[in-house]
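Below you'll find the structure, written out as structure tokens, and then a few comments.
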Amino acid sequence: MEKEQFTLTIFSENNIGLLNRITDVFSRRKINIDSLTTSASETEGIFRFTIVVETSLSNVERIVKQLEKQVEVLKAFFYKEDQIIHQEVALYKISTQSLMHSKKVEQIIRANHARILTIEPEFMVIEKTGHQSETQALFEQLKPYEILSFVRSGRIAIAKPMKRLSAYLAEVGQAL
Amino acid sequence: MNTQIQDLETAQANTSSKIRKKVTGAEALILSLLEEGVDTIFGYPGGAIMPVYDALYHYDQQLHHILTRHEQGATHAAQGYARLAKKAGVCFATSGPGATNLITGIADAQIDSTPMVCITGQVASHLLGSDAFQETDIIGISAPVTKWNFQITKAEEIPGTIAKAFYIAQNGRPGPVLIDITKDAQFETIDFEYQKCQKIRSYRPVPPLNHQAILQAAQLINQAQKPMVLMGQGVSLARAEKELLTFAEKTGIPIASTLLGLSSFPTSHPLYVGFLGMHGNYGPNVKTNEADLLIAVGMRFDDRVTGDLKRYAQKAKVIHIEIDPAEIDKNVKADVAVIADAKEALQGLLPLVKAQERPDWLQEFAACDQTEHDQVVSKTLAPNTPKVKMAEVIDALSRLTQGQAVIVTDVGQHQMIASRYYRFAQPNSNITSGGLGTMGFALPAALGAKLARPDREVIAIIGDGGFQMTAQELGTLMQYQIPVKMIILNNSFLGMVRQWQELFFDKRYSFTEMANPDFVALARSFKIEAQQVQAREELSSGLENLLNHKGSFLLEVVVEKEDNVFPMVPTGESVSNIRLS
Ligand SMILES: Cc1ncc(C[n+]2csc(CCOP(=O)(O)OP(=O)(O)O)c2C)c(N)n1
Ligand SMILES: [Mg+2]
């Protein structure tokens, strides 16, 4: 079956143990989670998970139903790339020396619209927000200057359709 | 109107019970169970749940606690109880090994949609995560096999959580819930007040009936030439037996049953065409691939029912009536999905479907029945072997009980034979472990079932292998004088595995032959009357002794060692290619 990338958004109660139940829906089908982010949502007390996976359409449809089957999940959605606006943030730690020695690093930072968060005597931290391809491109460009440490966040995403969570819940006779 | 006063009034109206001052968490738990109408608990004590057992001591008039001989036995007993009482079964266990011993039964209840509330004791909250004595992360362990679980660390959480536990276990698609209570929360005191749970904002047990879907379904039904109903346990869970009967009689549609659906439609009814799946009847299996419409009612298209999905029901449209949306399109794509309780859906359909008779279509099933009779049933029932065959026992039992008993089966050949040959005449008469196929299920489940319905004859049909997985529950029968009837169909083999070895592994009987104890002596050591039947001539009198005895009784029937269950749809095969020999 054809695999594609899907972004799932799950709205839930904020309860201990729910993360386990959510990841189990994927792991029991041996589907790897490429990224997972949890945060508050626009509604007070409602938590939001953003999960990126690569799998088939039929699998993701079943997964969304099994996620919604969890008692503490209010609603789950899945989206293809063109239905969402998404971002990730990456941090790069490189030695301050490399900035001193080469004009190149400064040019790379400017060209990539990245910014320097801090400069210490020994190291500096660069931040870049964007799609994974963009943060990866910066990674490749900085590589020759020795990246001491690198980290990229999970994806966060906002869906394009204007319908709000409360409207979906109202349709099925639920209210927040 | 002054909203404050209004709020106050509704608050008072909602308060179902009075406040009780300064009760311990343990007593609050007991009071909560009483509020939920619990009368029977299956359990086993230990350090971390001792405060609860101490509180229980004072309530032994209202709460009947059954001390099983193993926590697994407690779970299966609770399952058997739940299936007949039509409400959640309740289990108690201590932390660590007590809690882990519950897991098989919980997994069984999850896959077979049985409402159950398990309460486990846990180490004190300040010890959580420290590998304390008998600490185990039962919330983590049980999460994949529970509908919901929760750990309580404060007494004040007890009433609300228990109310939620029963609501979740019993509403929507039923299932098991586990509540873990730390020992300090059991000791802590609170002012007790109870309110039943009416609603959980993140959980919708049953969606409102979709009338559009009902109309579409009715249209498909009215157009169909060769429709067939696949009835699952959803029918009995929704208590929709009457509605299904009316629906069938109006539309003239034949009814086939899954393993867990058995007994929800009278076996002798002219529209009943039999048992679906791997060891089911010939007609309903092959006709699945000739039908032009399948109406699945409260079933989930398990692989044991469908065989190879690529060659399943290719000519049929599918109406899937199911309460759990996650079952829709999981295995078989539905043309019309009715996400609803089976009773509600059938009530919705009834006025919209045309009255019809379908003699030609039924005749096709009758022809299949004849084939199955000639090639399988008559041979299986023929008294032509040195030892009795399992089917002869079930056939005789069915005759003697007139199909009125509750049949609780274990897992293996005897289970399939009992499901095939017992002619169920009453609803709620079939208790078995279907989805998980748990050997050792029957004896404790029968005990729970009998406690739920003392007025009914409860007969456990068990293999020699499975009996030895939970045989210690004979002690429970003895202690509480529970009159359960047991039939061991003893082939001295793990028969079902041996059958597969014979058919698919060139008769390499790798570790399936069993040296068995003297079952009669074993039962008698528990002060339970018992008898062994060796010869065919003794069978009727043996069964009569079993049925006439007042207390529990164990009948061991020594059956043919190497008999096979047919028909059979081999794994991965199409239901059309069902083997008759
Ligand atoms: C707990 C458990 N372990 C293993 C199995 C696999 N299994 C299925 S049927 C069967 C044989 C059962 O033997 P017995 O209880 O004697 O029944 P028979 O098939 O002989 O009637 C086994 C081992 C199982 N279903 N459950
Ligand atoms: Mg056996």
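Following the order of the structure tokens, chains are lettered A, B, ..., residues in each are numbered from 1, and ligands are numbered from 1.
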Pick out the residues no farther than 8 Å from ligand 2, counting only C-alpha atoms and all ligand atoms, and list them as a list of chain:residue names.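 After applying the 8 Å limit, what remains is B:Gly412, B:Gln413, B:His414, B:Gly463, B:Asp464, B:Gly465, B:Gly466, B:Leu489, B:Asn490, B:Asn491, B:Ser492, B:Phe493, B:Leu494, B:Gly495, B:Met496.
Counting only C-alpha atoms, every residue of chain A that comes within 8 Å of chain B is listed here: A:Ser12, A:Glu13, A:Gly17, A:Asn20, A:Arg21, A:Asp24, A:Arg62, A:Lys65, A:Gln66, A:Lys69, A:Gln70, A:Val71, A:Glu72, A:Val73, A:Leu74, A:Val172, A:Gly173, A:Gln174, A:Ala175, A:Leu176.
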Choose the residue, out of B:Ser268, B:Thr409, B:Thr571, B:Gln375, that has the smallest atom-to-atom separation from ligand 1; count only C-alpha atoms and all ligand atoms.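 Checking each of B:Ser268, B:Thr409, B:Thr571, B:Gln375 against ligand 1, counting only C-alpha atoms and all ligand atoms, the winner is B:Thr409.
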Helix (DSSP H, G or I) per DSSP on the backbone: members of stretch 138-167 of chain A, as a VMD selection string: chain A and resid 138 to 145 165 to 167
Option closest in space to ligand 1, from B:Ser236, B:Gln314, B:Ser433, B:Thr438 [counting only C-alpha atoms and all ligand atoms]: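 Selected residue with least distance to ligand 1: B:Thr438.
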If we count only C-alpha atoms, what is near stretch 44-57 of chain A at a cut-off of 7 Å, once residues fewer than 6 positions away on the same chain are taken out, given as a VMD selection string? chain A and resid 1 to 14 32 to 38 155 to 157
To test your reading of the structure, identify every residue in stretch 5-175 of chain A that backbone DSSP assigns to strand (DSSP E or B), and report it as a PyMOL selection string. chain A and resi 5-12+33-40+47-55+73-79+84-95+115-119+123-130+147-152+156-159
